[in-house]
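J.: Please see the structure below; I have some questions.
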Amino acid sequence: MTEDKKHIILKTENLSIGYNSKTEKTLVASNINIELNKGKLIGLIGANGIGKSTLLRTLTKVQNPLKGEIFINDTALKKYSALDLAKVMSLVLTEPITSKNLSVFELVALGRQPYTNWIGNLSKEDIEITNRAISQVNINHLKDKKCFELSDGQLQNVMIARALAQDTDLIILDEPTTHLDMYHKAYILKLLQKLVKETNKTILFSSHEINLAIQLCDNLIVMTDTDVVSDAPCNLITKGTFENLFPKDLIAFDEQTGSFRVKK
Amino acid sequence: MPNTNTYRISFTILIGILLVCFFVNISLGSVPIPLKDILNSLIGSTTEHDTWQHIIQNYRLPKALTAIIVGSGLGISGLLMQTLFRNPLAGPFVLGISSGASLGVALVILGSGIFSGVLASLFISKWGVVVAASLGSFFVLLAVLAVSLKVRDTMAILIIGLMFASITAAIVSVLSYFGSAEQLQQYIFWGFGSLGNLNWKDLTILLIIYLVGILLATCSIKSLNTLLLGENYAKSLGLNIKKSRFVIIIATSLLAGAITAFTGPIAFIGLAIPHITRQVFNTSNHKVLLPAVFLFGAIVMLICDSISQLPNSDYTLPINAITSLVGAPVVIWLLVRKRKMVF
């Protein structure tokens, strides 16, 4: 079991991220060395515009790194074909899906696409895995509903089920809690925690819910102006990493409660 | 998948309607022919008059088959475009396929004054028009394809297609300004569209291109379904976006290009049939939509053609006008009744 826990799903080596156009090179962050272990819930936090999305886009091969390497299961990310990558990494994005006329079951079943034949027929196993994913996020009652009938929170659950159905070691979510109320924010993150425990998958999500992330995550990746730190939440609190997260004029981090307070 | 049985029933009914429309279409025309003789000539046995058999086998049957190919082909290419461009307003002609064809034909008919005597008459022959239309749509499409390899955003490709359409329309206007009245009439008649100009040889060529297009569309079913999630999700599911987009665009252009070349531009079908199908079947799954669009397109086209012949008269109305006159109210009615658009 201890060996299993050490199993590294994703690793970056001296990674520099940013945008490379013909005329100029925009460096967003550099020298990123992080490791994501199997069966962990990892939060990615940082201020607006610090480069969380750029990092996620780089890790998911949407854009190329400026420098450095990314390894997934000990194989360089650039060596993965799109189809191979789809079998080890699934995504939940912030963009809305194009067609909301799909039923919940159909949408979740689309997660099986990397495994189905040329016309996309679902095998018995595909249907089984789809149903399992649906019950793992407790949306059995929504199964036959159309997506346009769902609330934002319900739809987010469905998208998570779709990622589960893709059956990958790693699930990456880009700000899964935006647009949700306080209860549903907690609900979604709690659900992610439960899924990590039940399925032993690795889940990485970016979020602005620092208070919730500190309470629920096994590990946090904190992006600040100067560097990118990755550690367990309590270690980060003792190290004082959170104090440097934001400009200090409005809010301050309270070590006792592990949360941010508005300055009086 | 839910309710496979209801789909099966709907499809059986639709196939029944298609067969009925097919026979009705064949039995109507300027020369009344008894039903018994129609059936006889279809199965190859003798009829009371030899001319009847000739009319059915060489005019009405190819025309009815053309209607099926045109309706289903344009409907399916519309479906492909709407999913690819994530835009319910997209149709097979947004990529400039029809305007390219128009340009080719306009160059041949209106520009024939430039060529003299024998050469001109050669150009204006039926095959001249077909080749010109094919070449025109092919070149406009090549331009769009070249752009689509460079531009990542599908919306941009859509706009570029519309721009190409504007450019070709402008060139056609300039050409018509200098054309003679006779040439203009000929060009306008091509623009009316016609299903009745195809003999068996033409039909065979059209059918071959059509089948290749349908085959490519069928191979795209999985990627079309994946694209329902949006391009980024599709990519994360292992879909090769560029390749799928290429195959889908080629399928569309083969279908719409070949059909337009042989029958002239036929409005409305490509845009509306996918909408009618989605409203009726209430699904976005292309495994259901593709065959359903095939059936709906063929049925609507057969009905429109039957109407355009003005049964029992010698007149034939332009098919291009009938498709819009008959089809547009249906779409409006469906949208008003359901109060929302399914996409």
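If you're wondering about the labels, chains in the structure tokens are A, B, ... by order shown, residues count from 1 in each chain, ligands from 1 in order shown.
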Output as number ranges by chain the set of chain B residues within 10 Å of chain A, with distances taken over only C-alpha atoms.

T.: B: 1-2, 83, 86-87, 218-223, 225-241, 278, 282-287, 341-343

J.: Pick out each residue of segment 120-246 of chain A that DSSP on the backbone tags as helix (DSSP H, G or I); I need them as a PyMOL selection string.

T.: chain A and resi 124-136+140-142+147-149+152-165+182-199+210-216+233-239+241-244

J.: Using DSSP on the backbone coordinates, identify the residues of segment 20-117 of chain A assigned to strand (DSSP E or B); present them as a ChimeraX atom specification.

T.: /A:20,25-32,35-37,41-46,67-72,75-76,89-92,103

J.: Got time to write the residues from that selection, C-alpha atoms, as an mmCIF file, in the first residue's frame?

T.:
data_model
loop_
_atom_site.group_PDB
_atom_site.id
_atom_site.type_symbol
_atom_site.label_atom_id
_atom_site.label_comp_id
_atom_site.auth_asym_id
_atom_site.auth_seq_id
_atom_site.Cartn_x
_atom_site.Cartn_y
_atom_site.Cartn_z
ATOM 1 C CA ASN A 20 5.251 31.699 -27.690
ATOM 2 C CA LYS A 25 7.838 35.143 -25.774
ATOM 3 C CA THR A 26 5.616 35.700 -22.753
ATOM 4 C CA LEU A 27 6.834 33.853 -19.709
ATOM 5 C CA VAL A 28 4.055 33.156 -17.229
ATOM 6 C CA ALA A 29 5.862 30.969 -14.685
ATOM 7 C CA SER A 30 9.123 29.078 -14.637
ATOM 8 C CA ASN A 31 10.975 26.405 -12.741
ATOM 9 C CA ILE A 32 7.880 24.413 -11.887
ATOM 10 C CA GLU A 35 4.596 15.662 -8.551
ATOM 11 C CA LEU A 36 1.079 14.297 -8.453
ATOM 12 C CA ASN A 37 0.786 10.987 -6.613
ATOM 13 C CA LEU A 41 -6.805 15.146 -4.265
ATOM 14 C CA ILE A 42 -4.715 18.125 -5.307
ATOM 15 C CA GLY A 43 -5.859 21.732 -5.446
ATOM 16 C CA LEU A 44 -4.228 24.397 -7.593
ATOM 17 C CA ILE A 45 -4.634 27.866 -6.132
ATOM 18 C CA GLY A 46 -3.384 31.327 -6.908
ATOM 19 C CA LYS A 67 10.924 24.744 -21.479
ATOM 20 C CA GLY A 68 11.156 21.613 -19.372
ATOM 21 C CA GLU A 69 9.352 18.305 -19.475
ATOM 22 C CA ILE A 70 6.085 16.818 -18.300
ATOM 23 C CA PHE A 71 5.870 13.105 -17.575
ATOM 24 C CA ILE A 72 2.681 11.122 -17.207
ATOM 25 C CA THR A 75 6.330 8.751 -20.307
ATOM 26 C CA ALA A 76 6.941 12.221 -21.716
ATOM 27 C CA MET A 89 -6.262 11.915 -18.489
ATOM 28 C CA SER A 90 -9.820 13.242 -18.548
ATOM 29 C CA LEU A 91 -10.949 16.837 -18.246
ATOM 30 C CA VAL A 92 -13.756 18.929 -16.844
ATOM 31 C CA SER A 103 -29.535 13.100 -22.188
#

J.: As a short mmCIF file (atom, residue, chain, number, x, y, z; two decimals) with N, CA and C atoms, in the first residue's frame, please: the residues near Phe139 of chain B (cut-off 10 Å, only C-alpha atoms, same-chain neighbours under 2 positions excluded).

T.:
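Okay, this is what ended up in part-v7.cif:
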data_model
loop_
_atom_site.label_atom_id
_atom_site.label_comp_id
_atom_site.auth_asym_id
_atom_site.auth_seq_id
_atom_site.Cartn_x
_atom_site.Cartn_y
_atom_site.Cartn_z
N GLY B 96 -19.61 28.19 -49.24
CA GLY B 96 -19.42 28.79 -50.55
C GLY B 96 -19.53 27.77 -51.67
N ILE B 97 -20.04 26.57 -51.35
CA ILE B 97 -20.14 25.54 -52.38
C ILE B 97 -21.09 25.97 -53.48
N GLY B 100 -19.75 28.98 -55.40
CA GLY B 100 -18.70 28.55 -56.32
C GLY B 100 -19.29 27.95 -57.57
N ALA B 101 -20.30 27.09 -57.39
CA ALA B 101 -20.96 26.48 -58.53
C ALA B 101 -21.60 27.56 -59.41
N GLY B 104 -19.00 29.29 -61.48
CA GLY B 104 -18.57 28.48 -62.61
C GLY B 104 -19.58 28.54 -63.74
N SER B 134 -19.08 22.01 -61.08
CA SER B 134 -18.22 21.19 -60.21
C SER B 134 -16.90 21.90 -59.96
N LEU B 135 -16.29 22.41 -61.05
CA LEU B 135 -15.01 23.08 -60.91
C LEU B 135 -15.14 24.30 -60.00
N GLY B 136 -16.21 25.07 -60.22
CA GLY B 136 -16.42 26.27 -59.41
C GLY B 136 -16.51 25.95 -57.95
N SER B 137 -17.36 24.96 -57.59
CA SER B 137 -17.50 24.64 -56.17
C SER B 137 -16.22 24.03 -55.64
N LEU B 141 -14.10 25.58 -52.61
CA LEU B 141 -13.91 24.70 -51.47
C LEU B 141 -12.45 24.52 -51.13
N LEU B 142 -11.61 24.39 -52.16
CA LEU B 142 -10.17 24.28 -51.92
C LEU B 142 -9.66 25.48 -51.14
N ALA B 143 -10.14 26.65 -51.54
CA ALA B 143 -9.73 27.87 -50.85
C ALA B 143 -10.15 27.81 -49.39
N VAL B 144 -11.42 27.39 -49.16
CA VAL B 144 -11.91 27.31 -47.78
C VAL B 144 -11.12 26.28 -46.98
N LEU B 145 -10.83 25.14 -47.63
CA LEU B 145 -10.07 24.09 -46.94
C LEU B 145 -8.68 24.58 -46.56
#

J.: Need the shell around segment 24-27 of chain B: protein/DNA/RNA residues with any atom at most 12 Å away, counting only C-alpha atoms. Skip same-chain ones fewer than 5 positions apart. Format as an MDAnalysis selection string?

T.: chainID B and resid 17:19 32:39 41:42 52:53 55:68 298:312

J.: Measure the distance from atom CA of Ser166 of chain B to atom CA of Gly257 of chain B in Å and round it to one decimal.

T.: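 Atom CA of Ser166 of chain B sits 17.9 Å away from atom CA of Gly257 of chain B.
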
J.: So, with only C-alpha atoms as the atoms that count, which of B:Thr263, B:Ser324, B:Ser99, B:Gln82 lies closest to Leu203 of chain B?

T.: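 The shortest atom-to-atom distance to Leu203 of chain B comes from B:Thr263.
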
J.: Do you know which residues are at most 12 Å from Phe281 of chain B counting only C-alpha atoms, after dropping those on the same chain fewer than 6 positions away, and could you put them as a short mmCIF file (atom, residue, chain, number, x, y, z; two decimals) with all heavy atoms, in the first residue's frame?

T.:
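As a result, out35.cif now contains:
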data_model
loop_
_atom_site.label_atom_id
_atom_site.label_comp_id
_atom_site.auth_asym_id
_atom_site.auth_seq_id
_atom_site.Cartn_x
_atom_site.Cartn_y
_atom_site.Cartn_z
N ASN A 101 -28.88 19.16 -25.75
CA ASN A 101 -30.00 18.29 -26.05
C ASN A 101 -29.66 16.82 -25.79
O ASN A 101 -30.46 15.94 -26.03
CB ASN A 101 -30.43 18.48 -27.51
CG ASN A 101 -31.76 17.86 -27.80
OD1 ASN A 101 -32.63 17.85 -26.93
ND2 ASN A 101 -31.92 17.33 -28.98
N ASN B 3 -35.16 4.00 -25.30
CA ASN B 3 -36.24 3.79 -26.29
C ASN B 3 -35.79 3.47 -27.71
O ASN B 3 -36.12 4.18 -28.65
CB ASN B 3 -37.24 4.97 -26.29
CG ASN B 3 -36.53 6.33 -26.27
OD1 ASN B 3 -35.41 6.45 -26.75
ND2 ASN B 3 -37.19 7.32 -25.71
N THR B 4 -35.05 2.39 -27.85
CA THR B 4 -34.67 1.93 -29.19
C THR B 4 -35.92 1.50 -29.96
O THR B 4 -35.97 1.63 -31.18
CB THR B 4 -33.72 0.71 -29.10
OG1 THR B 4 -33.08 0.75 -27.84
CG2 THR B 4 -32.68 0.75 -30.18
N THR B 6 -39.03 2.77 -29.86
CA THR B 6 -39.78 3.86 -30.49
C THR B 6 -39.08 4.32 -31.76
O THR B 6 -39.73 4.67 -32.74
CB THR B 6 -39.94 5.05 -29.53
OG1 THR B 6 -38.69 5.29 -28.91
CG2 THR B 6 -40.99 4.80 -28.49
N TYR B 7 -37.72 4.31 -31.73
CA TYR B 7 -36.98 4.67 -32.94
C TYR B 7 -37.32 3.71 -34.06
O TYR B 7 -37.53 4.10 -35.20
CB TYR B 7 -35.48 4.65 -32.68
CG TYR B 7 -34.97 5.81 -31.86
CD1 TYR B 7 -33.94 5.64 -30.95
CD2 TYR B 7 -35.54 7.08 -32.00
CE1 TYR B 7 -33.48 6.71 -30.19
CE2 TYR B 7 -35.09 8.14 -31.25
CZ TYR B 7 -34.06 7.96 -30.34
OH TYR B 7 -33.61 9.01 -29.60
N ARG B 8 -37.37 2.41 -33.70
CA ARG B 8 -37.63 1.40 -34.72
C ARG B 8 -38.99 1.63 -35.36
O ARG B 8 -39.14 1.59 -36.58
CB ARG B 8 -37.55 0.00 -34.09
CG ARG B 8 -37.32 -1.10 -35.11
CD ARG B 8 -36.89 -2.38 -34.44
NE ARG B 8 -35.57 -2.28 -33.83
CZ ARG B 8 -35.18 -3.00 -32.78
NH1 ARG B 8 -36.01 -3.86 -32.22
NH2 ARG B 8 -33.96 -2.87 -32.30
N ILE B 9 -39.99 1.96 -34.51
CA ILE B 9 -41.33 2.21 -35.06
C ILE B 9 -41.32 3.43 -35.96
O ILE B 9 -41.83 3.40 -37.09
CB ILE B 9 -42.33 2.40 -33.89
CG1 ILE B 9 -42.47 1.08 -33.11
CG2 ILE B 9 -43.69 2.84 -34.40
CD1 ILE B 9 -43.17 1.22 -31.78
N SER B 10 -40.66 4.52 -35.48
CA SER B 10 -40.62 5.74 -36.29
C SER B 10 -39.97 5.49 -37.64
O SER B 10 -40.45 5.95 -38.67
CB SER B 10 -39.85 6.84 -35.57
OG SER B 10 -40.19 6.88 -34.22
N PHE B 11 -38.87 4.73 -37.61
CA PHE B 11 -38.16 4.48 -38.86
C PHE B 11 -39.01 3.65 -39.82
O PHE B 11 -39.02 3.91 -41.02
CB PHE B 11 -36.82 3.79 -38.60
CG PHE B 11 -35.72 4.75 -38.26
CD1 PHE B 11 -35.07 4.71 -37.04
CD2 PHE B 11 -35.37 5.74 -39.17
CE1 PHE B 11 -34.08 5.62 -36.74
CE2 PHE B 11 -34.37 6.65 -38.88
CZ PHE B 11 -33.73 6.59 -37.66
N LEU B 14 -41.50 5.95 -41.36
CA LEU B 14 -40.87 6.85 -42.32
C LEU B 14 -40.55 6.14 -43.63
O LEU B 14 -40.75 6.69 -44.71
CB LEU B 14 -39.60 7.45 -41.73
CG LEU B 14 -39.79 8.65 -40.80
CD1 LEU B 14 -38.47 9.10 -40.22
CD2 LEU B 14 -40.47 9.80 -41.53
N PRO B 274 -32.40 19.06 -41.26
CA PRO B 274 -31.86 18.66 -39.95
C PRO B 274 -32.69 19.21 -38.78
O PRO B 274 -32.86 18.53 -37.78
CB PRO B 274 -30.45 19.27 -39.94
CG PRO B 274 -30.10 19.42 -41.37
CD PRO B 274 -31.37 19.72 -42.08
N HIS B 275 -33.23 20.44 -38.96
CA HIS B 275 -34.05 21.00 -37.87
C HIS B 275 -35.34 20.23 -37.69
O HIS B 275 -35.74 19.92 -36.57
CB HIS B 275 -34.36 22.47 -38.16
CG HIS B 275 -33.20 23.36 -37.91
ND1 HIS B 275 -32.65 23.49 -36.67
CD2 HIS B 275 -32.47 24.13 -38.73
CE1 HIS B 275 -31.63 24.31 -36.75
NE2 HIS B 275 -31.49 24.71 -37.99
N LYS B 287 -26.23 8.83 -34.62
CA LYS B 287 -26.54 7.48 -35.07
C LYS B 287 -28.02 7.39 -35.44
O LYS B 287 -28.40 6.64 -36.31
CB LYS B 287 -26.21 6.47 -33.98
CG LYS B 287 -25.18 5.45 -34.41
CD LYS B 287 -24.89 4.45 -33.31
CE LYS B 287 -24.10 5.06 -32.19
NZ LYS B 287 -23.97 4.16 -31.04
N VAL B 288 -28.84 8.19 -34.76
CA VAL B 288 -30.27 8.25 -35.10
C VAL B 288 -30.51 9.33 -36.15
O VAL B 288 -31.26 9.14 -37.11
CB VAL B 288 -31.09 8.56 -33.83
CG1 VAL B 288 -32.57 8.69 -34.17
CG2 VAL B 288 -30.87 7.49 -32.79
N LEU B 289 -29.84 10.47 -35.98
CA LEU B 289 -30.12 11.62 -36.84
C LEU B 289 -29.77 11.35 -38.30
O LEU B 289 -30.52 11.73 -39.20
CB LEU B 289 -29.32 12.84 -36.35
CG LEU B 289 -29.90 13.60 -35.17
CD1 LEU B 289 -29.03 14.79 -34.83
CD2 LEU B 289 -31.32 14.07 -35.47
N LEU B 290 -28.63 10.70 -38.54
CA LEU B 290 -28.17 10.54 -39.92
C LEU B 290 -29.19 9.78 -40.78
O LEU B 290 -29.63 10.30 -41.81
CB LEU B 290 -26.79 9.87 -39.95
CG LEU B 290 -26.00 10.10 -41.22
CD1 LEU B 290 -25.42 11.50 -41.26
CD2 LEU B 290 -24.88 9.09 -41.35
N PRO B 291 -29.60 8.57 -40.35
CA PRO B 291 -30.61 7.88 -41.16
C PRO B 291 -31.94 8.63 -41.19
O PRO B 291 -32.64 8.62 -42.21
CB PRO B 291 -30.77 6.52 -40.49
CG PRO B 291 -30.12 6.62 -39.17
CD PRO B 291 -29.10 7.71 -39.26
N ALA B 292 -32.29 9.30 -40.08
CA ALA B 292 -33.56 10.01 -40.04
C ALA B 292 -33.54 11.19 -41.02
O ALA B 292 -34.52 11.43 -41.73
CB ALA B 292 -33.85 10.50 -38.62
N VAL B 293 -32.42 11.91 -41.07
CA VAL B 293 -32.30 13.02 -42.02
C VAL B 293 -32.38 12.50 -43.45
O VAL B 293 -33.01 13.10 -44.32
CB VAL B 293 -30.98 13.79 -41.79
CG1 VAL B 293 -30.65 14.68 -42.97
CG2 VAL B 293 -31.07 14.63 -40.53
N PHE B 296 -36.15 11.86 -44.05
CA PHE B 296 -36.91 13.11 -44.12
C PHE B 296 -36.57 13.89 -45.39
O PHE B 296 -37.45 14.41 -46.07
CB PHE B 296 -36.62 13.99 -42.89
CG PHE B 296 -37.55 13.75 -41.76
CD1 PHE B 296 -37.12 13.16 -40.59
CD2 PHE B 296 -38.89 14.11 -41.86
CE1 PHE B 296 -37.98 12.93 -39.54
CE2 PHE B 296 -39.76 13.89 -40.82
CZ PHE B 296 -39.30 13.29 -39.65
N VAL B 342 -34.31 22.87 -30.67
CA VAL B 342 -33.48 21.78 -30.17
C VAL B 342 -32.19 21.77 -30.97
O VAL B 342 -32.23 21.85 -32.19
CB VAL B 342 -34.21 20.44 -30.33
CG1 VAL B 342 -33.31 19.31 -29.94
CG2 VAL B 342 -35.49 20.44 -29.53
N PHE B 343 -31.08 21.76 -30.27
CA PHE B 343 -29.84 21.68 -31.03
C PHE B 343 -28.86 20.78 -30.33
O PHE B 343 -28.70 20.85 -29.14
CB PHE B 343 -29.24 23.06 -31.24
CG PHE B 343 -28.04 23.02 -32.14
CD1 PHE B 343 -28.17 22.63 -33.48
CD2 PHE B 343 -26.79 23.34 -31.67
CE1 PHE B 343 -27.08 22.58 -34.31
CE2 PHE B 343 -25.69 23.29 -32.51
CZ PHE B 343 -25.83 22.90 -33.83
#

J.: Taking into account only C-alpha atoms, which residue in the set A:Tyr19, A:Ile210, A:Thr202, A:Thr94 is nearest to Leu155 of chain A?

T.: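 Distance minimum relative to Leu155 of chain A lands on A:Thr94.
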
J.: Excluding Phe246 of chain B and residues on its chain fewer than 2 positions from it, collect all residues at most 12 Å away from it, counting only C-alpha atoms, and give them as a list of chain:residue names.

T.: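 In the requested form, the answer reads B:Leu80, B:Met81, B:Leu84, B:Leu141, B:Leu142, B:Val144, B:Leu145, B:Ala146, B:Val147, B:Ser148, B:Leu149, B:Thr154, B:Leu216, B:Ala217, B:Ser220, B:Ser223, B:Asn240, B:Ile241, B:Lys242, B:Lys243, B:Ser244, B:Ile248, B:Ile249, B:Ile250, B:Ala251, B:Thr252, B:Ser253.
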
J.: Tell me, as a PyMOL selection string, which residues lie within 9 Å of segment 132-140 of chain A, counting only C-alpha atoms; anything in the same chain fewer than 3 positions away does not count.

T.: chain A and resi 104-105+108+127-129+143-144+154+157-158+160-165+191+195+198

J.: Just to confirm, what's the straight-line distance from atom CA of Val108 of chain B to atom CA of Gly78 of chain B in Å (one decimal)?

T.: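 Value for the atom CA of Val108 of chain B-atom CA of Gly78 of chain B distance: 27.6 Å.
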
J.: May I ask which of the residues B:Leu207, B:Val151, B:Val174, B:Val331 is the closest one to Leu255 of chain B, counting only C-alpha atoms?

T.: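 The shortest atom-to-atom distance to Leu255 of chain B comes from B:Leu207.
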